[in-house]
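K.L.:
This structure is in structure tokens; I'll ask about it shortly.
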Amino acid sequence: MASVKLTDVKKVYDNKVTAVHDFNLEIQDKEFIVFVGPSGCGKSTTLRMIAGLEDISGGTLEIDGQVVNDLQPKDRDIAMVFQNYALYPHMTVYDNIAFSLRLKKVPEDEVYERVTNAAQILGITEYLTRKPRALSGGQRQRVAIGRAMVRNAKVFLMDEPLSNLDAKLRNQMRAEIIQLRQKLETTFIYVTHDQTEAMTLGDRIVIMRDGIIEQVGTPQEVFDTPVNLFVAGFIGSPQMNFLKASLIRTGDSFSVSLLGVNLALNPDQNEVLTRKGIGSQEVILGIRPEHTAVLFEPDQNAIECTIDVYEMMGSELHLHLTDQNSDRIIVRLPTIDLTREQRQHLSFGNRLFISFPAKVMHLFDPETEKSLIDG
Amino acid sequence: MSEATAKRHMGLRASRAVSNTFIHVLLIVISIIWLIPFVCIVLQSFRVENTGPVGYIIPHQWGTDNYTRLFQTDFPRWYTNTFIAALVTAVLQTVIVLCMSYTLSRFRFKMRQPLMRFMLILGMFPGMLTMIILYRVLKDLGLTQANAVPGLILVYVASSGMGYYVSKGFFDTIPMSLDEAARVDGATRAKILYKIILPLSKPIVIYTVLTAFMGPWGDYVFARYIAFGTSAGKNVAVGLYDWLNKDQISNSYTMFCAGGVLVALPVTILFLFLQKYYVEGVTGGAVKG
């Protein structure tokens with residue numbers, strides 16, 4: 001139960017490679033924060049610096065107001081769950097969970113109480129006498145969490161804890177982590193490359209690329225108002241569509257011109273663009289697949305596309321379309337409202353029309369890749 | 001099953017039987033050749049009709065005289081010398097080798113790579129090269145002749161850190177995240193080695209102990225010149241070999257054989273019990289343990 005504050009934290013390896021650039025973040029007490037980004041973005045390195053497993057090359061790291069840069073991991077009062085579980089293979093589940101308590105010379109009856117209590121919460125009581133190799137992946141992961149739980153540590157670190165599990169088990173464990181979090185009431189820092197995990201677990205998400213924080217915000221914020229192309233493309237599945245378009249300014253009102261169709265922006269967007277002093281320019285228009293309206297008849301505000309790929313997902317369809325510029329557009333279409341004729345129409349090579357309401361349009365500068373209206 | 005496939009199956013089975021028989025016969029022949037010297041020595045040690053070398057293997061008269069005579073000579077002293085040197089060396093060398101291997105496997109420090117390369121090159125020189133200078137140094141320290149045992153221990157243990165290859169290779173296969181988990185759990189480096197790494201490396205610990213014990217147990221060259229001229233400082237190899245010289249052989253040959261059996265005994269027993277681990281240890285560096 002503690003706050004964590006990183007100020008200009010940097011990681012430079014011996015071979016002069018900078019893995020993390022000036023990382024600034026304040027994590028509140030009992031907050032669940034998720035570091036997310038593609039592999040090699042520095043998220044695990046940052047977590048390992050917080051754990052004390054990597055030296056901090058520059059900046060300060062504070063846990064509960066105390067600078068811990070030079071403290072050994074054991075003196076930082078943190079608990080960590082590793083991607084490959086890192087269970088001690090020669091010890092039973094009980095001994096694995098009890099290891100840290102015994103090192104701290106906790107009396108054996110209290111060890112027993114805490115281990116059995118954790119085992120009960122995680123549903124692994126019946127496996128306490130087994131060795132880790134006799135457990136399934138999900139059970140091992142529970143043991144690893146149990147080992148971290150009994151410590152009652154100030155901060156709970158998790159380094160891609162679900163990525164070794166199969167899809168079904170991952171969903172189940174994700175739900176269990178959410179429940180666990182409510183029970184433990186401690187500060188969580190969670191690293192993942194999976195944006196779904198990040199969205200579902202985090203109070204706030206830190207999106208990283210090449211050792212730099214691209215955006216910090218609640219799941220809703222980063223989804224609704226991505227500050228740049230990278231964040232817009234990274235968050236959301238299937239990923240946001242990006243189309244080349246032109247922004248046209250007429251007085252204080254703006255419109256986006258795309259394949260001969262003019263889409264007017266709404267007053268809020270006009271105001272932001274005017275305030276920023278933006279004139280007519282080339283832009284990248286970002287549209288999420290679920291925000292696209294699909295029309296079966298031509299419309300003056302709709303773009304004509306051809307169906308390339310048709311993916312049936314059950315409750316919805318994923319359509320891969322090509323517009324007249326040969327840009328690829330992915331559209332999510334709920335199946336429930338479709339008529340029989342419409343379903344029959346949705347097959348390879350047929351024409352469709354798509355349009356997007358102004359409020360869901362994201363505009364990015366092609367040069368800086370920054371958002372023109374969000375953030 | 002058609003007739004053709006049945007025939008082919010028969011053919012396969014027959015050829016496998018032939019190759020199996022061939023392999024087994026070959027192995028039996030090799031084992032016999034390999035065992036002959038041992039059997040000879042054991043049989044000679046029980047021969048009482050003649051104490052010198054003879055032209056036959058099976059004794060005409062059996063008895064344990066050679067063993068009783070053995071204990072009236074300096075042999076018990078030599079045996080004790082060898083045992084103490086081997087035991088102390090085994091303990092010290094194991095500790096040094098395992099610590100060294102753990103350090104080189106787990107820590108990243110500036111001169112790590114150059115140090116490992118340096119030790120590799122140094123290890124390529126035969127130890128005999130250092131013989132003369134070592135003798136001088138030990139003589140100045142007063143660790144030769146009657147004091148040969150501590151001198152020998154010093155020689156055996158001094159360079160043992162260089163024998164880290166096999167155990168470092170084994171430690172490298174143990175995931176680093178176990179160390180990290182233990183560090184987060186509150187363990188010191190020494191505790192990690194003692195509570196996590198070593199229990200997971202039983203084969204390699206046993207392999208290290210055995211090889212560290214075997215070196216001094218069978219050493220001849222260093223023991224010979226360090227014990228030079230005294231009987232009290234000899235080890236078994238030197239002492240027994242001296243019985244084979246012209247003047248003594250007719251009287252001591254069967255006693256020599258009895259000594260040889262007693263020397264082989266503890267090592268044989270050790271290997272019988274620890275063979276499984278020894279094999280795992282030898283292959284452990286290459287195959288994940």
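Ordering of the structure tokens sets the chain letters (A, B, ...); residue numbers start at 1 within each chain; ligands are numbered from 1 in the order shown.
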For chain B, work out the contacting residues on chain A at 9 Å, counting only C-alpha atoms, and write them as a list in words.

P.N.:
Ala51, Gly52, Leu53, Gln72, Pro73, Lys74, Asp75, Arg76, Asp77, Ile78, Ala79, Met80, Val81, Phe82, Asn84, Tyr85, Ala86, Leu87, Tyr88, Pro89, His90, Phe99, Ser100, Leu101, Leu103, Lys104, Arg147, Ala148 and Arg151 of chain A

K.L.:
For Asp252 of chain A, work out the shell of residues within 8 Å, counting only C-alpha atoms and skipping chain neighbours fewer than 6 positions away, then give it as a ChimeraX atom specification.

P.N.:
/A:270-271,274

K.L.:
Give me, as a ChimeraX atom specification, all polymer residues having an atom no more than 9 Å from segment 175-189 of chain A, counting only C-alpha atoms and skipping those fewer than 6 positions away in the same chain.

P.N.:
/A:1-4,27-35,47,121-122,149,152-159,200-202

K.L.:
Hey, what's within 10 Å of Thr94 of chain B if we count only C-alpha atoms and toss same-chain stuff fewer than 4 positions away? As a JSON list (two decimals) with C-alpha atoms, in the first residue's frame, please?

P.N.:
[["chain", "number", "residue", "atom", "x", "y", "z"],
["B", 88, "VAL", "CA", 40.39, -31.59, 2.34],
["B", 89, "THR", "CA", 40.97, -30.89, -1.35],
["B", 90, "ALA", "CA", 37.52, -32.23, -2.22],
["B", 98, "LEU", "CA", 30.86, -23.79, -7.07],
["B", 99, "CYS", "CA", 31.27, -20.21, -5.87],
["B", 100, "MET", "CA", 33.36, -19.37, -8.92],
["B", 157, "VAL", "CA", 43.40, -26.36, -4.27],
["B", 160, "SER", "CA", 40.80, -25.14, -8.61],
["B", 161, "GLY", "CA", 38.83, -22.03, -9.54],
["B", 163, "GLY", "CA", 37.74, -25.82, -13.25],
["B", 164, "TYR", "CA", 34.48, -23.91, -13.38],
["B", 205, "VAL", "CA", 27.81, -30.86, -6.89],
["B", 206, "ILE", "CA", 28.43, -34.59, -6.69],
["B", 207, "TYR", "CA", 30.40, -34.53, -9.91],
["B", 208, "THR", "CA", 32.56, -31.70, -8.55],
["B", 209, "VAL", "CA", 33.16, -33.50, -5.24],
["B", 210, "LEU", "CA", 34.07, -36.74, -7.01],
["B", 211, "THR", "CA", 36.49, -35.17, -9.48],
["B", 212, "ALA", "CA", 38.02, -33.06, -6.70],
["B", 213, "PHE", "CA", 38.50, -36.21, -4.61]]

K.L.:
So the first atom is atom CA of Asp65 of chain B and the second is atom CA of Val263 of chain B; what is the distance between them in Å, to one decimal place?

P.N.:
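Between these atoms lies a distance of 17.4 Å.
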
K.L.:
Contacts of Met208 of chain A at 9 Å or less, counting only C-alpha atoms, minus same-chain residues fewer than 2 places along, as a ChimeraX atom specification?

P.N.:
/A:35-38,41-43,206,210-216,231

K.L.:
Using DSSP on the backbone, list every residue of segment 169-288 of chain A that comes out as strand (DSSP E or B), and give them as a PyMOL selection string.

P.N.:
chain A and resi 187-192+204-209+212-217+228+241-250+253-258+261-264+281-287

K.L.:
Using only C-alpha atoms, which residue out of B:Thr103, B:Met10, B:Gly52, B:Thr173 lies closest to Leu244 of chain B?

P.N.:
B:Gly52

K.L.:
Phe296 of chain A: which residues within 8 Å, counting only C-alpha atoms, same-chain residues fewer than 4 positions away excluded, as a compact mmCIF listing (two decimals) with N, CA and C atoms, in the first residue's frame?

P.N.:
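Output saved as result-v5.txt:
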# COMPACT_ATOMS: atom_id res chain seq x y z
N GLN A 342 -29.61 -8.29 -46.93
CA GLN A 342 -28.33 -7.62 -46.62
C GLN A 342 -27.22 -8.64 -46.39
N ARG A 351 -20.32 -4.24 -53.67
CA ARG A 351 -20.10 -2.85 -53.26
C ARG A 351 -20.83 -2.54 -51.96
N LEU A 352 -20.20 -1.64 -51.17
CA LEU A 352 -20.81 -1.18 -49.92
C LEU A 352 -20.51 0.30 -49.78
N PHE A 353 -21.23 1.00 -48.93
CA PHE A 353 -20.96 2.43 -48.71
C PHE A 353 -20.76 2.66 -47.23

K.L.:
Separation of atom CA of Val25 of chain B and atom CA of Pro59 of chain B, in Å?

P.N.:
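For atom CA of Val25 of chain B relative to atom CA of Pro59 of chain B, the distance reads 28.9 Å.
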
K.L.:
Give the answer as one residue: which of B:Ala148, B:Ile249, B:Ala158, B:Val166 has the shortest atom-to-atom distance to Ala227 of chain B, using only C-alpha atoms?

P.N.:
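Ranked by minimum distance to Ala227 of chain B, first place goes to B:Ala148.
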
K.L.:
Please compute the atom CA of Glu297 of chain A-atom CA of Phe242 of chain A distance, one decimal, in Å.

P.N.:
23.6 Å

K.L.:
If we count only C-alpha atoms, what is near Glu369 of chain A at a cut-off of 8 Å, once residues fewer than 2 positions away on the same chain are taken out, given as a VMD selection string?

P.N.:
chain A and resid 228 to 230 364 to 367 371

K.L.:
Could you tell me which of A:Ala245, A:Val261, A:Met91, A:Ala167 comes closest to Asp327 of chain A if we count only C-alpha atoms?

P.N.:
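The answer is A:Ala245, which sits nearest to Asp327 of chain A.
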
K.L.:
Could you check the closest approach to Leu273 of chain A for each of A:Ile330, A:Leu169, A:Ile373, A:Leu338 and tell me which residue wins, using only C-alpha atoms?

P.N.:
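That would be A:Ile373, the residue with the smallest distance to Leu273 of chain A.
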